[in-house]
Amino acid sequence: MKPQADIRVRAYHSINMLMGITFTTVFIYALIFKGENHPIPALLTKITGEVPPSKGLSASFSVIIRGNLRVATIYNPHGIRIFAFFAIQLVFRCLFSAVLEIKKKSITRLVLADSIVSVTVFIYCFWPLIVYTLQQMSMLFQNL
């Protein structure tokens with residue numbers, strides 16, 4: 001393998017490892033804190049009184065990781081969908097790194113496939129939050 005390709009493989013593995021650690025940290029956070037006992041407050045709700053679609057995600061994740069999907073939807077109706085993104089991505093990081101070890105010469109195609117699949121899964125899982133953010137930005141620009 002060419003030295004430049006080897007550097008790209010190591011960089012890809014490093015990025016996957018950092019992302020895997022980040023996603024694992026989300027799960028550890030969900031395990032440590034239960035129910036409404038989370039140190040990260042819903043600042044938008046506290047400041048404006050408005051309830052964004054992200055309100056209750058931490059509590060939702062906490063009960064999802066404990067297997068209670070019914071309660072998770074009470075805390076946040078989008079919680080399962082967003083939690084699925086983190087779980088799927090954690091599997092993807094391991095899977096794509098393993099495939100790259102087998103087919104090192106295919107790094108360009110693998111990175112392209114990883115990017116397309118990951119962006120698609122992100123858009124699907126975060127769609128309610130994306131729509132909310134775009135609506136808020138639109139209202140902000142209309143008020144300028």
# chains A, B, ... in the order shown; residues from 1 in each chain; ligands from 1
call {"tool": "residues_around", "arguments": {"residues": "Ile21 of chain A", "least_positions_apart": "4", "cutoff": "12 Å", "atoms": "only C-alpha atoms", "output": "PyMOL selection string"}}
result
chain A and resi 14-17+25-28+86+89-91+93-94
call {"tool": "write_last_selection", "arguments": {"atoms": "C-alpha atoms", "output": "PDB file, in the first residue's frame"}}
result
ATOM      1  CA  SER A  14      -8.759   7.639  14.150  1.00  0.00           C
ATOM      2  CA  ILE A  15     -11.901   9.548  13.189  1.00  0.00           C
ATOM      3  CA  ASN A  16     -14.001   6.410  13.651  1.00  0.00           C
ATOM      4  CA  MET A  17     -12.454   5.853  17.068  1.00  0.00           C
ATOM      5  CA  THR A  25     -20.124   8.754  26.024  1.00  0.00           C
ATOM      6  CA  VAL A  26     -23.741   9.541  25.113  1.00  0.00           C
ATOM      7  CA  PHE A  27     -24.750   6.049  26.279  1.00  0.00           C
ATOM      8  CA  ILE A  28     -22.700   6.323  29.482  1.00  0.00           C
ATOM      9  CA  PHE A  86     -26.254   7.074  17.941  1.00  0.00           C
ATOM     10  CA  GLN A  89     -23.475   5.082  14.137  1.00  0.00           C
ATOM     11  CA  LEU A  90     -21.642   3.160  16.846  1.00  0.00           C
ATOM     12  CA  VAL A  91     -22.219  -0.055  14.869  1.00  0.00           C
ATOM     13  CA  ARG A  93     -17.935   2.924  13.115  1.00  0.00           C
ATOM     14  CA  CYS A  94     -16.974  -0.649  14.018  1.00  0.00           C
TER      15      CYS A  94
END
call {"tool": "closest_atom_pairs", "arguments": {"of": "segment 73-114 of chain A", "to": "segment 119-134 of chain A", "cutoff": "10 Å", "atoms": "only C-alpha atoms", "output": "tab-separated table"}}
result
residue	atom	partner	partner_atom	distance
A:Pro77	CA	A:Pro128	CA	10.0
A:His78	CA	A:Pro128	CA	7.5
A:Gly79	CA	A:Cys125	CA	9.4
A:Ile80	CA	A:Cys125	CA	8.9
A:Arg81	CA	A:Cys125	CA	5.3
A:Ile82	CA	A:Cys125	CA	5.2
A:Phe83	CA	A:Cys125	CA	8.3
A:Ala84	CA	A:Cys125	CA	7.3
A:Phe85	CA	A:Cys125	CA	6.0
A:Phe86	CA	A:Phe122	CA	9.2
A:Ile88	CA	A:Val121	CA	8.4
A:Gln89	CA	A:Val121	CA	8.7
A:Ala113	CA	A:Val119	CA	10.0
A:Asp114	CA	A:Val119	CA	8.4
call {"tool": "residues_around", "arguments": {"residues": "Gly56 of chain A", "least_positions_apart": "4", "cutoff": "8 Å", "atoms": "only C-alpha atoms", "output": "VMD selection string"}}
result
chain A and resid 60 75 to 76
call {"tool": "write_last_selection", "arguments": {"atoms": "N, CA and C atoms", "output": "PDB file, in the first residue's frame"}}
result
ATOM      1  N   SER A  60     -35.326  10.702  27.953  1.00  0.00           N
ATOM      2  CA  SER A  60     -35.756   9.656  27.025  1.00  0.00           C
ATOM      3  C   SER A  60     -34.635   8.648  26.792  1.00  0.00           C
ATOM      4  N   TYR A  75     -41.286  11.052  27.516  1.00  0.00           N
ATOM      5  CA  TYR A  75     -40.296  12.108  27.737  1.00  0.00           C
ATOM      6  C   TYR A  75     -40.041  12.907  26.468  1.00  0.00           C
ATOM      7  N   ASN A  76     -39.940  12.214  25.343  1.00  0.00           N
ATOM      8  CA  ASN A  76     -39.728  12.879  24.064  1.00  0.00           C
ATOM      9  C   ASN A  76     -40.177  11.944  22.947  1.00  0.00           C
TER      10      ASN A  76
END
call {"tool": "closest_residue", "arguments": {"among": "A:Lys103, A:Ile116, A:Asn68, A:Thr73", "to": "Pro53 of chain A", "atoms": "only C-alpha atoms"}}
result
A:Thr73
call {"tool": "decode", "arguments": {"residues": "segment 37-67 of chain A", "atoms": "N, CA and C atoms", "output": "CSV table (one decimal), in the first residue's frame"}}
result
chain,number,residue,atom,x,y,z
A,37,ASN,N,-33.4,13.7,36.3
A,37,ASN,CA,-32.2,14.1,37.1
A,37,ASN,C,-31.0,14.3,36.2
A,38,HIS,N,-31.0,15.3,35.3
A,38,HIS,CA,-29.9,15.5,34.4
A,38,HIS,C,-29.3,16.9,34.6
A,39,PRO,N,-28.0,17.0,34.6
A,39,PRO,CA,-27.3,18.2,34.9
A,39,PRO,C,-27.4,19.3,33.7
A,40,ILE,N,-27.8,18.8,32.5
A,40,ILE,CA,-27.9,19.8,31.4
A,40,ILE,C,-29.4,20.2,31.3
A,41,PRO,N,-29.6,21.5,31.7
A,41,PRO,CA,-31.0,22.0,31.7
A,41,PRO,C,-31.5,22.3,30.2
A,42,ALA,N,-32.8,22.4,30.1
A,42,ALA,CA,-33.4,22.8,28.8
A,42,ALA,C,-33.4,24.3,28.8
A,43,LEU,N,-32.3,25.0,28.4
A,43,LEU,CA,-32.1,26.4,28.5
A,43,LEU,C,-33.2,27.2,27.7
A,44,LEU,N,-33.5,26.7,26.5
A,44,LEU,CA,-34.4,27.5,25.7
A,44,LEU,C,-35.8,27.5,26.4
A,45,THR,N,-36.2,26.4,27.0
A,45,THR,CA,-37.5,26.4,27.7
A,45,THR,C,-37.4,27.3,28.9
A,46,LYS,N,-36.3,27.3,29.6
A,46,LYS,CA,-36.1,28.2,30.8
A,46,LYS,C,-36.2,29.7,30.5
A,47,ILE,N,-35.5,30.0,29.4
A,47,ILE,CA,-35.4,31.4,29.0
A,47,ILE,C,-36.7,31.9,28.3
A,48,THR,N,-37.2,31.1,27.4
A,48,THR,CA,-38.4,31.6,26.5
A,48,THR,C,-39.7,31.0,26.9
A,49,GLY,N,-39.7,29.9,27.6
A,49,GLY,CA,-40.9,29.2,27.9
A,49,GLY,C,-41.3,28.3,26.8
A,50,GLU,N,-40.7,28.4,25.6
A,50,GLU,CA,-41.0,27.5,24.5
A,50,GLU,C,-40.4,26.1,24.7
A,51,VAL,N,-41.2,25.1,24.3
A,51,VAL,CA,-40.7,23.8,24.4
A,51,VAL,C,-40.2,23.3,23.1
A,52,PRO,N,-38.9,23.1,22.9
A,52,PRO,CA,-38.4,22.7,21.6
A,52,PRO,C,-38.5,21.1,21.5
A,53,PRO,N,-38.4,20.6,20.3
A,53,PRO,CA,-38.5,19.1,20.1
A,53,PRO,C,-37.4,18.4,20.8
A,54,SER,N,-36.4,19.0,21.2
A,54,SER,CA,-35.3,18.3,21.9
A,54,SER,C,-35.5,18.2,23.4
A,55,LYS,N,-36.5,18.9,23.9
A,55,LYS,CA,-36.8,18.8,25.4
A,55,LYS,C,-37.1,17.4,25.8
A,56,GLY,N,-36.4,16.9,26.8
A,56,GLY,CA,-36.7,15.6,27.3
A,56,GLY,C,-35.8,14.5,26.7
A,57,LEU,N,-34.9,14.8,25.8
A,57,LEU,CA,-34.1,13.8,25.1
A,57,LEU,C,-33.2,13.0,26.1
A,58,SER,N,-32.6,13.8,27.0
A,58,SER,CA,-31.7,13.1,28.0
A,58,SER,C,-32.5,12.1,28.8
A,59,ALA,N,-33.7,12.5,29.3
A,59,ALA,CA,-34.5,11.6,30.1
A,59,ALA,C,-35.0,10.4,29.2
A,60,SER,N,-35.3,10.7,28.0
A,60,SER,CA,-35.8,9.7,27.0
A,60,SER,C,-34.6,8.6,26.8
A,61,PHE,N,-33.4,9.1,26.6
A,61,PHE,CA,-32.3,8.3,26.3
A,61,PHE,C,-32.0,7.4,27.6
A,62,SER,N,-32.2,8.0,28.8
A,62,SER,CA,-32.0,7.2,30.0
A,62,SER,C,-32.9,6.0,30.1
A,63,VAL,N,-34.2,6.2,29.7
A,63,VAL,CA,-35.1,5.1,29.9
A,63,VAL,C,-35.0,4.1,28.7
A,64,ILE,N,-34.5,4.6,27.5
A,64,ILE,CA,-34.3,3.7,26.4
A,64,ILE,C,-33.2,2.8,26.7
A,65,ILE,N,-32.1,3.3,27.3
A,65,ILE,CA,-31.0,2.4,27.5
A,65,ILE,C,-31.3,1.4,28.6
A,66,ARG,N,-32.4,1.6,29.3
A,66,ARG,CA,-32.9,0.7,30.3
A,66,ARG,C,-34.0,-0.2,29.8
A,67,GLY,N,-34.3,0.0,28.5
A,67,GLY,CA,-35.3,-0.9,27.8
A,67,GLY,C,-36.7,-0.4,27.9
